[in-house]
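Pasting my_file-v8.pdb here (PDB, C-alpha atoms and all ligand atoms):
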```pdb
MODEL        1
ATOM      1  CA  MET F   1     -29.133   6.990  17.704
ATOM      2  CA  ASN F   2     -27.958  10.388  16.484
ATOM      3  CA  GLU F   3     -24.803  11.868  15.000
ATOM      4  CA  THR F   4     -23.409  12.882  18.392
ATOM      5  CA  SER F   5     -23.746   9.449  19.966
ATOM      6  CA  PRO F   6     -20.431   7.550  20.190
ATOM      7  CA  ALA F   7     -19.341   5.454  17.206
ATOM      8  CA  ILE F   8     -18.473   2.557  19.518
ATOM      9  CA  GLU F   9     -19.575   1.765  23.051
ATOM     10  CA  VAL F  10     -18.333  -1.292  24.900
ATOM     11  CA  ARG F  11     -19.458  -2.058  28.456
ATOM     12  CA  ALA F  12     -18.215  -4.927  30.624
ATOM     13  CA  LEU F  13     -17.301  -6.987  27.589
ATOM     14  CA  CYS F  14     -16.270 -10.575  28.352
ATOM     15  CA  LYS F  15     -15.211 -13.364  26.035
ATOM     16  CA  ARG F  16     -14.484 -16.913  27.076
ATOM     17  CA  TYR F  17     -12.949 -19.602  24.856
ATOM     18  CA  GLY F  18     -13.821 -22.792  26.727
ATOM     19  CA  ASP F  19     -12.297 -22.301  30.163
ATOM     20  CA  TYR F  20     -10.051 -19.468  29.058
ATOM     21  CA  GLU F  21     -11.191 -15.885  29.676
ATOM     22  CA  ALA F  22      -9.605 -13.878  26.876
ATOM     23  CA  VAL F  23     -11.542 -10.647  27.593
ATOM     24  CA  ARG F  24     -12.390  -9.876  31.215
ATOM     25  CA  GLY F  25     -14.551  -6.779  31.427
ATOM     26  CA  ILE F  26     -13.484  -4.179  28.890
ATOM     27  CA  ASP F  27     -15.075  -0.709  28.799
ATOM     28  CA  ILE F  28     -14.304   1.543  25.841
ATOM     29  CA  THR F  29     -16.073   4.473  24.216
ATOM     30  CA  VAL F  30     -14.906   5.773  20.841
ATOM     31  CA  ALA F  31     -16.272   9.122  19.698
ATOM     32  CA  ARG F  32     -17.255   9.793  16.105
ATOM     33  CA  GLY F  33     -14.294  11.098  14.142
ATOM     34  CA  GLU F  34     -11.800   9.731  16.626
ATOM     35  CA  VAL F  35      -8.743   7.582  15.875
ATOM     36  CA  PHE F  36      -8.577   5.154  18.776
ATOM     37  CA  GLY F  37      -5.628   2.800  19.336
ATOM     38  CA  LEU F  38      -5.777  -0.568  21.089
ATOM     39  CA  LEU F  39      -2.340  -1.557  22.359
ATOM     40  CA  GLY F  40      -1.149  -4.542  24.319
ATOM     41  CA  PRO F  41       1.045  -7.628  24.288
ATOM     42  CA  ASN F  42       0.395 -10.735  22.150
ATOM     43  CA  GLY F  43      -2.696 -12.511  23.446
ATOM     44  CA  ALA F  44      -4.022  -9.462  25.337
ATOM     45  CA  GLY F  45      -7.452  -9.775  23.710
ATOM     46  CA  LYS F  46      -7.255  -7.013  21.090
ATOM     47  CA  THR F  47      -8.271  -9.047  18.034
ATOM     48  CA  THR F  48     -10.974 -10.799  20.061
ATOM     49  CA  THR F  49     -12.421  -7.408  21.046
ATOM     50  CA  VAL F  50     -12.158  -5.934  17.550
ATOM     51  CA  GLU F  51     -13.729  -8.970  15.887
ATOM     52  CA  ILE F  52     -16.643  -8.894  18.338
ATOM     53  CA  LEU F  53     -17.188  -5.257  17.293
ATOM     54  CA  GLU F  54     -17.020  -6.271  13.627
ATOM     55  CA  GLY F  55     -19.606  -9.001  14.144
ATOM     56  CA  TYR F  56     -17.080 -11.745  13.346
ATOM     57  CA  ARG F  57     -17.057 -13.300  16.815
ATOM     58  CA  THR F  58     -19.745 -13.734  19.429
ATOM     59  CA  ARG F  59     -19.312 -12.342  22.917
ATOM     60  CA  THR F  60     -19.883 -14.179  26.170
ATOM     61  CA  SER F  61     -21.369 -11.158  27.987
ATOM     62  CA  GLY F  62     -21.415  -7.386  28.082
ATOM     63  CA  GLU F  63     -22.977  -4.626  26.007
ATOM     64  CA  VAL F  64     -21.686  -3.528  22.629
ATOM     65  CA  SER F  65     -22.966  -0.818  20.318
ATOM     66  CA  VAL F  66     -21.393  -0.007  16.929
ATOM     67  CA  LEU F  67     -22.944   2.915  15.032
ATOM     68  CA  GLY F  68     -26.055   2.285  17.095
ATOM     69  CA  HIS F  69     -26.242  -1.430  16.209
ATOM     70  CA  ASP F  70     -25.484  -4.576  18.136
ATOM     71  CA  PRO F  71     -22.896  -6.126  15.792
ATOM     72  CA  ALA F  72     -24.044  -9.619  16.795
ATOM     73  CA  GLY F  73     -27.144  -8.914  14.674
ATOM     74  CA  ARG F  74     -24.896  -8.666  11.567
ATOM     75  CA  SER F  75     -27.262  -6.180   9.975
ATOM     76  CA  MET F  76     -26.749  -5.205   6.353
ATOM     77  CA  ASP F  77     -26.931  -1.519   7.253
ATOM     78  CA  LEU F  78     -24.030  -1.866   9.667
ATOM     79  CA  ARG F  79     -21.898  -3.940   7.308
ATOM     80  CA  ARG F  80     -22.252  -1.287   4.613
ATOM     81  CA  ARG F  81     -20.973   1.378   6.984
ATOM     82  CA  ILE F  82     -17.834  -0.333   8.253
ATOM     83  CA  GLY F  83     -14.525  -1.323   6.639
ATOM     84  CA  ILE F  84     -12.220  -3.971   8.002
ATOM     85  CA  VAL F  85      -8.577  -5.005   7.895
ATOM     86  CA  LEU F  86      -8.467  -8.412   9.564
ATOM     87  CA  GLN F  87      -5.305  -9.463  11.342
ATOM     88  CA  ALA F  88      -5.261 -12.554   9.120
ATOM     89  CA  GLY F  89      -6.213 -11.113   5.737
ATOM     90  CA  GLY F  90      -5.280 -12.247   2.265
ATOM     91  CA  ILE F  91      -8.534 -13.971   1.293
ATOM     92  CA  TYR F  92      -8.320 -13.221  -2.434
ATOM     93  CA  SER F  93      -5.353 -15.336  -3.522
ATOM     94  CA  HIS F  94      -6.754 -16.488  -6.879
ATOM     95  CA  ILE F  95      -7.768 -13.088  -8.318
ATOM     96  CA  THR F  96      -5.998  -9.775  -8.897
ATOM     97  CA  PRO F  97      -6.081  -6.712  -6.623
ATOM     98  CA  ARG F  98      -8.153  -4.804  -9.191
ATOM     99  CA  GLU F  99     -10.706  -7.637  -9.376
ATOM    100  CA  ALA F 100     -10.792  -8.028  -5.597
ATOM    101  CA  LEU F 101     -11.395  -4.308  -5.086
ATOM    102  CA  LYS F 102     -14.136  -4.171  -7.743
ATOM    103  CA  HIS F 103     -15.827  -7.179  -6.160
ATOM    104  CA  TRP F 104     -15.630  -5.775  -2.639
ATOM    105  CA  ALA F 105     -16.760  -2.309  -3.794
ATOM    106  CA  SER F 106     -19.946  -3.859  -5.196
ATOM    107  CA  PHE F 107     -21.189  -4.586  -1.656
ATOM    108  CA  TYR F 108     -21.205  -0.891  -0.752
ATOM    109  CA  PRO F 109     -23.751   1.738  -1.794
ATOM    110  CA  HIS F 110     -21.206   4.534  -2.440
ATOM    111  CA  PRO F 111     -17.803   2.943  -3.042
ATOM    112  CA  ARG F 112     -14.642   4.853  -3.847
ATOM    113  CA  ASP F 113     -13.084   4.719  -7.281
ATOM    114  CA  VAL F 114     -11.122   1.446  -7.562
ATOM    115  CA  GLU F 115      -8.245   3.052  -9.494
ATOM    116  CA  GLU F 116      -7.913   5.769  -6.889
ATOM    117  CA  VAL F 117      -7.766   3.192  -4.077
ATOM    118  CA  LEU F 118      -5.145   1.121  -5.951
ATOM    119  CA  GLU F 119      -3.066   4.277  -6.238
ATOM    120  CA  LEU F 120      -3.596   5.167  -2.583
ATOM    121  CA  ALA F 121      -2.441   1.711  -1.455
ATOM    122  CA  GLY F 122       0.617   1.819  -3.729
ATOM    123  CA  LEU F 123      -0.677  -1.087  -5.835
ATOM    124  CA  ARG F 124      -1.179   0.564  -9.217
ATOM    125  CA  GLU F 125       1.580  -1.477 -10.864
ATOM    126  CA  LYS F 126       0.348  -4.710  -9.294
ATOM    127  CA  GLY F 127      -3.332  -4.213 -10.104
ATOM    128  CA  ASP F 128      -3.466  -7.117 -12.556
ATOM    129  CA  VAL F 129      -1.147  -9.590 -10.839
ATOM    130  CA  ARG F 130      -2.696 -12.651  -9.186
ATOM    131  CA  SER F 131      -2.665 -11.947  -5.474
ATOM    132  CA  ARG F 132      -0.786 -15.132  -4.613
ATOM    133  CA  ARG F 133       2.145 -13.660  -6.576
ATOM    134  CA  LEU F 134       2.273 -10.540  -4.384
ATOM    135  CA  SER F 135       4.835 -10.094  -1.633
ATOM    136  CA  GLY F 136       3.715 -10.157   2.004
ATOM    137  CA  GLY F 137       3.735  -6.372   2.280
ATOM    138  CA  GLN F 138       1.875  -5.989  -1.022
ATOM    139  CA  LEU F 139      -0.806  -8.414   0.186
ATOM    140  CA  ARG F 140      -1.143  -6.352   3.343
ATOM    141  CA  ARG F 141      -1.567  -3.241   1.187
ATOM    142  CA  LEU F 142      -4.403  -5.037  -0.583
ATOM    143  CA  ASP F 143      -6.049  -5.726   2.796
ATOM    144  CA  PHE F 144      -5.749  -2.024   3.563
ATOM    145  CA  ALA F 145      -7.200  -1.072   0.169
ATOM    146  CA  LEU F 146     -10.146  -3.442   0.731
ATOM    147  CA  ALA F 147     -10.967  -1.669   3.997
ATOM    148  CA  LEU F 148     -11.130   1.692   2.220
ATOM    149  CA  VAL F 149     -12.857   0.892  -1.056
ATOM    150  CA  GLY F 150     -16.379   0.988   0.393
ATOM    151  CA  ASP F 151     -15.781   4.519   1.723
ATOM    152  CA  PRO F 152     -17.076   3.403   5.142
ATOM    153  CA  GLU F 153     -17.625   5.760   8.066
ATOM    154  CA  LEU F 154     -16.008   3.413  10.595
ATOM    155  CA  ILE F 155     -12.827   1.493   9.844
ATOM    156  CA  PHE F 156     -11.297  -1.334  11.868
ATOM    157  CA  LEU F 157      -7.576  -1.754  11.290
ATOM    158  CA  ASP F 158      -6.059  -4.760  13.080
ATOM    159  CA  GLU F 159      -2.282  -4.341  12.739
ATOM    160  CA  PRO F 160      -2.708  -2.799   9.295
ATOM    161  CA  THR F 161       0.943  -1.916   8.676
ATOM    162  CA  THR F 162       2.594  -5.148   9.808
ATOM    163  CA  GLY F 163       5.042  -6.098   7.059
ATOM    164  CA  PHE F 164       5.009  -2.648   5.436
ATOM    165  CA  ASP F 165       8.343  -1.129   4.474
ATOM    166  CA  PRO F 166       9.052   2.271   6.092
ATOM    167  CA  GLU F 167       7.821   4.224   3.073
ATOM    168  CA  ALA F 168       4.592   2.225   2.841
ATOM    169  CA  ARG F 169       4.045   2.746   6.568
ATOM    170  CA  ARG F 170       4.392   6.528   6.175
ATOM    171  CA  ALA F 171       1.982   6.402   3.234
ATOM    172  CA  ALA F 172      -0.526   4.439   5.346
ATOM    173  CA  TRP F 173      -0.194   7.023   8.118
ATOM    174  CA  GLU F 174      -0.980   9.767   5.611
ATOM    175  CA  THR F 175      -4.034   7.814   4.501
ATOM    176  CA  VAL F 176      -5.249   7.399   8.086
ATOM    177  CA  ARG F 177      -4.779  11.130   8.650
ATOM    178  CA  SER F 178      -6.744  11.974   5.528
ATOM    179  CA  LEU F 179      -9.546   9.606   6.601
ATOM    180  CA  ARG F 180      -9.614  11.329   9.969
ATOM    181  CA  ALA F 181      -9.787  14.706   8.221
ATOM    182  CA  LEU F 182     -12.865  13.417   6.379
ATOM    183  CA  GLY F 183     -14.506  12.708   9.744
ATOM    184  CA  LYS F 184     -14.148   8.913   9.663
ATOM    185  CA  THR F 185     -13.807   6.939  12.882
ATOM    186  CA  ILE F 186     -10.900   4.507  13.111
ATOM    187  CA  LEU F 187     -10.180   1.722  15.584
ATOM    188  CA  LEU F 188      -6.579   0.647  15.189
ATOM    189  CA  THR F 189      -4.537  -2.062  16.847
ATOM    190  CA  THR F 190      -0.787  -1.932  16.486
ATOM    191  CA  HIS F 191       2.441  -3.069  18.091
ATOM    192  CA  TYR F 192       4.229  -0.019  16.689
ATOM    193  CA  LEU F 193       4.019   2.503  19.484
ATOM    194  CA  ASP F 194       5.358   5.286  17.283
ATOM    195  CA  GLU F 195       2.411   4.563  14.977
ATOM    196  CA  ALA F 196      -0.022   4.879  17.885
ATOM    197  CA  GLN F 197       1.680   8.054  19.092
ATOM    198  CA  GLU F 198       1.510   9.553  15.585
ATOM    199  CA  LEU F 199      -2.046   8.603  14.718
ATOM    200  CA  ALA F 200      -4.224   7.983  17.753
ATOM    201  CA  ASP F 201      -6.240  10.653  19.541
ATOM    202  CA  ARG F 202      -6.542   8.212  22.441
ATOM    203  CA  VAL F 203      -5.202   4.761  23.185
ATOM    204  CA  ALA F 204      -6.139   1.963  25.549
ATOM    205  CA  ILE F 205      -3.435  -0.354  26.826
ATOM    206  CA  VAL F 206      -4.853  -3.843  27.273
ATOM    207  CA  LYS F 207      -3.316  -6.815  29.031
ATOM    208  CA  ASP F 208      -4.844 -10.166  30.036
ATOM    209  CA  GLY F 209      -8.227  -9.031  28.765
ATOM    210  CA  ARG F 210      -8.375  -5.861  30.871
ATOM    211  CA  VAL F 211      -7.785  -2.169  30.175
ATOM    212  CA  LEU F 212      -4.772  -0.941  32.182
ATOM    213  CA  ALA F 213      -4.829   2.671  31.043
ATOM    214  CA  ILE F 214      -6.736   4.845  28.618
ATOM    215  CA  GLY F 215      -6.156   8.364  27.343
ATOM    216  CA  PRO F 216      -4.302  10.545  24.842
ATOM    217  CA  PRO F 217      -0.829   9.068  24.150
ATOM    218  CA  ARG F 218       0.914  12.115  25.646
ATOM    219  CA  GLU F 219      -0.999  12.067  28.905
ATOM    220  CA  LEU F 220      -0.993   8.372  29.497
ATOM    221  CA  GLY F 221      -0.018   6.530  32.591
ATOM    222  CA  VAL F 222       1.876   7.047  35.781
ATOM    223  CA  GLY F 223       5.138   8.182  34.228
ATOM    224  CA  ALA F 224       3.683  10.793  31.955
ATOM    225  CA  SER F 225       4.665  13.802  34.033
ATOM    226  CA  ARG F 226       8.225  12.664  34.718
ATOM    227  CA  TYR F 227      11.077  14.089  32.714
ATOM    228  CA  ARG F 228      14.432  12.439  32.263
ATOM    229  CA  VAL F 229      17.460  14.706  32.475
ATOM    230  CA  ALA F 230      20.756  13.173  31.399
ATOM    231  CA  TYR F 231      24.350  14.304  30.902
ATOM    232  CA  ARG F 232      27.839  12.862  30.845
ATOM    233  CA  GLY F 233      30.054  13.489  33.865
ATOM    234  CA  ASP F 234      33.450  11.863  34.506
ATOM    235  CA  GLY F 235      32.907   9.679  31.441
ATOM    236  CA  GLN F 236      29.634   8.243  32.770
ATOM    237  CA  LEU F 237      26.050   8.875  31.748
ATOM    238  CA  ILE F 238      24.178  10.360  34.720
ATOM    239  CA  GLU F 239      20.375  10.282  34.663
ATOM    240  CA  HIS F 240      17.797  12.006  36.869
ATOM    241  CA  GLU F 241      14.022  11.708  36.835
ATOM    242  CA  THR F 242      11.977  14.715  37.854
ATOM    243  CA  ASP F 243       8.574  16.302  37.443
ATOM    244  CA  ASP F 244      10.185  19.751  37.741
ATOM    245  CA  PRO F 245      12.905  19.952  35.079
ATOM    246  CA  THR F 246      13.173  23.746  35.330
ATOM    247  CA  THR F 247      14.459  23.673  38.902
ATOM    248  CA  LEU F 248      16.635  20.631  38.342
ATOM    249  CA  LEU F 249      18.297  22.136  35.259
ATOM    250  CA  TYR F 250      18.853  25.406  37.108
ATOM    251  CA  GLU F 251      20.627  23.588  39.930
ATOM    252  CA  LEU F 252      22.649  21.282  37.691
ATOM    253  CA  THR F 253      23.765  23.936  35.227
ATOM    254  CA  GLY F 254      24.325  26.519  38.001
ATOM    255  CA  GLY F 255      26.557  24.072  39.881
ATOM    256  CA  ALA F 256      28.489  23.171  36.746
ATOM    257  CA  LEU F 257      29.068  26.793  35.753
ATOM    258  CA  ALA F 258      30.228  27.674  39.274
ATOM    259  CA  ARG F 259      32.838  24.908  38.960
ATOM    260  CA  GLY F 260      33.778  26.118  35.496
ATOM    261  CA  GLN F 261      32.487  22.891  33.941
ATOM    262  CA  ARG F 262      30.198  21.939  31.075
ATOM    263  CA  LEU F 263      27.456  19.334  31.251
ATOM    264  CA  GLU F 264      28.378  17.257  28.217
ATOM    265  CA  GLU F 265      25.567  15.709  26.132
ATOM    266  CA  LEU F 266      22.910  17.377  28.290
ATOM    267  CA  SER F 267      19.400  16.297  27.305
ATOM    268  CA  VAL F 268      15.862  16.555  28.645
ATOM    269  CA  ALA F 269      13.337  13.940  27.499
ATOM    270  CA  ARG F 270       9.747  13.091  28.283
ATOM    271  CA  PRO F 271       8.854   9.426  28.602
ATOM    272  CA  THR F 272       7.678   8.096  25.254
ATOM    273  CA  LEU F 273       4.527   6.055  24.844
ATOM    274  CA  GLU F 274       6.847   3.058  24.616
ATOM    275  CA  ASP F 275       8.340   3.812  28.071
ATOM    276  CA  VAL F 276       4.859   4.092  29.571
ATOM    277  CA  TYR F 277       3.676   0.961  27.771
ATOM    278  CA  LEU F 278       6.620  -1.133  28.952
ATOM    279  CA  GLU F 279       6.201   0.103  32.518
ATOM    280  CA  LEU F 280       2.465  -0.668  32.569
ATOM    281  CA  THR F 281       2.627  -4.069  30.893
ATOM    282  CA  ALA F 282       5.678  -5.380  32.745
ATOM    283  CA  ASP F 283       4.958  -8.579  34.673
ATOM    284  CA  ALA F 284       4.672  -7.886  38.381
TER
HETATM  285  N1  LIG R   1     -10.623 -19.010  18.517
HETATM  286  C1  LIG R   1      -9.968 -19.108  19.670
HETATM  287  N2  LIG R   1     -10.069 -20.179  20.458
HETATM  288  C2  LIG R   1      -9.428 -20.276  21.634
HETATM  289  N3  LIG R   1      -8.638 -19.317  22.151
HETATM  290  C3  LIG R   1      -8.490 -18.200  21.409
HETATM  291  C4  LIG R   1      -9.142 -18.040  20.148
HETATM  292  N4  LIG R   1      -8.809 -16.829  19.659
HETATM  293  C5  LIG R   1      -7.984 -16.276  20.572
HETATM  294  N5  LIG R   1      -7.800 -17.101  21.630
HETATM  295  C6  LIG R   1      -6.975 -16.794  22.827
HETATM  296  O1  LIG R   1      -7.443 -15.577  23.390
HETATM  297  C7  LIG R   1      -6.373 -14.753  23.788
HETATM  298  C8  LIG R   1      -6.486 -13.396  23.115
HETATM  299  O2  LIG R   1      -6.262 -13.544  21.715
HETATM  300  P1  LIG R   1      -6.324 -12.304  20.719
HETATM  301  O3  LIG R   1      -6.142 -12.848  19.350
HETATM  302  O4  LIG R   1      -7.535 -11.523  21.001
HETATM  303  O5  LIG R   1      -5.030 -11.492  21.181
HETATM  304  P2  LIG R   1      -4.362 -10.166  20.566
HETATM  305  O6  LIG R   1      -4.356  -9.154  21.662
HETATM  306  O7  LIG R   1      -5.015  -9.801  19.297
HETATM  307  O8  LIG R   1      -2.868 -10.665  20.326
HETATM  308  P3  LIG R   1      -1.826 -10.318  19.109
HETATM  309  O9  LIG R   1      -1.138  -9.061  19.505
HETATM  310  O10 LIG R   1      -0.873 -11.473  19.160
HETATM  311  O11 LIG R   1      -2.580 -10.237  17.834
HETATM  312  C9  LIG R   1      -5.094 -15.510  23.441
HETATM  313  O12 LIG R   1      -4.572 -16.079  24.610
HETATM  314  C10 LIG R   1      -5.532 -16.566  22.449
HETATM  315  O13 LIG R   1      -4.771 -17.720  22.596
HETATM  316 MG    MG R   2      -4.406  -9.679  17.367
ENDMDL
END
```

Render the structure in this file as structure tokens.
Amino acid sequence: MNETSPAIEVRALCKRYGDYEAVRGIDITVARGEVFGLLGPNGAGKTTTVEILEGYRTRTSGEVSVLGHDPAGRSMDLRRRIGIVLQAGGIYSHITPREALKHWASFYPHPRDVEEVLELAGLREKGDVRSRRLSGGQLRRLDFALALVGDPELIFLDEPTTGFDPEARRAAWETVRSLRALGKTILLTTHYLDEAQELADRVAIVKDGRVLAIGPPRELGVGASRYRVAYRGDGQLIEHETDDPTTLLYELTGGALARGQRLEELSVARPTLEDVYLELTADA
């Protein structure tokens, strides 16, 4: 392994729970320094995939490499280089955030300063409160802080901002951006498509254990080149879809001007990641 090899490589990954195939042949490569988003409906297989990469679940078949290791080996070297926000976190109910962070930091060779991480997670004032007395969002902030305190090079964030208030979410986004600027690799799952659009260099949309589409959020999917042009005419909203908005606008506005009219509420929009996501994941 060298520094230019991918941080994560997944080939033909399958996971079966009894008779149920939760993951049915997933291929993903995440480059070093990349923020990669895994998107998909409830039960798509995101947490299963992420926890296999973390070494928390076993796989049924396929090849997986994380920082050059097979995570199934649960090597100490690998565990010291990754940080994790589990979807179901909140393991430290009987101690305080400061104690939890100090404890967790002790497993890492070069941890970050605990006070700095408390500050970063917006938990400075709650540092000495028993965790079971924290609110849901504050507990989630502690999960996030725990993933950062080891200063790992690869961070798994499984729905890290679920339950965050809007300000805390923005703060978490800033933190992810600063981690990216430091060259860290981040694998993120989220149901907030604006979060994926803001943060991810590339996303994969997963459904029923398969990857439906993969690429930068802006370039994703079938609808990505279509523009939506809308205006109000005779009291009704009129919408057109086109991949050539220049010509369409020229015709529409030219026609309106020739009739001495205005196109009220005229707008041109590109499909958002959410539009593409809903189109791709809709049941046939
Ligand atoms: N331990 C388990 N035993 C049996 N089935 C499981 C187990 N864990 C997950 N599953 C099933 O596997 C499928 C994928 O679950 P997974 O948790 O990976 O989905 P997800 O994409 O993370 O969903 P969500 O968005 O709701 O978190 C689901 O249908 C789930 O019921
Ligand atoms: Mg999940």

May I ask you to write as a ChimeraX atom specification all residues lying at most 10 Å from ligand LIG 1 (chain R), with only C-alpha atoms and all ligand atoms counted? /F:15-23,38-52,57,87-88,158-159,189-191,206-209

Quote the spacing between atom CA of F:Ala168 and atom CA of F:Gln138 in Å to one decimal place. 9.5 Å

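Checking F:Leu266, F:Leu237, F:Leu179, F:Leu188 one by one against ligand MG 2 (chain R), counting all atoms listed in the file, you find the shortest gap at F:Leu188.
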
Measure the distance from atom CA of F:Arg202 to atom CA of F:Val85 in Å and round it to one decimal. 19.8 Å

I would like the residues chosen by the PyMOL selection byres (((chain F and resi 228) around 9) and not hetatm) on the shown file; could you give them as an MDAnalysis selection string? chainID F and resid 226:227 229:230 239:243 245 267:271

For this file, the PyMOL selection byres (((chain F and resi 199) around 9) and not hetatm) selects which residues, as a PyMOL selection string? chain F and resi 35-37+173+176-177+194-198+200-202

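Counting all atoms listed in the file, the residue from F:Val117, F:Leu263, F:Ala105, F:Val64 that sits nearest to F:Cys14 is F:Val64.
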
For the PyMOL selection byres (((chain F and resi 180) around 10) and not hetatm), applied here, can you spell out every residue it catches as an MDAnalysis selection string? chainID F and resid 32:35 153 174:179 181:186 199

Edge lengths and centre, in Å to one decimal, as AutoDock Vina command-line options: that's what I need for the box along x, y and z that holds all listed atoms of stretch 114-123 of chain F plus 4 Å on each side.
```
--center_x -5.3 --center_y 2.3 --center_z -5.5 --size_x 19.7 --size_y 14.9 --size_z 16.0
```

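Distance check against F:Ile238 using all atoms listed in the file: of F:Tyr277, F:Gly62, F:Ser225, F:Glu264, the minimum falls on F:Glu264.
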
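Atom CA of F:Arg218 lies 17.7 Å from atom CA of F:Val30.
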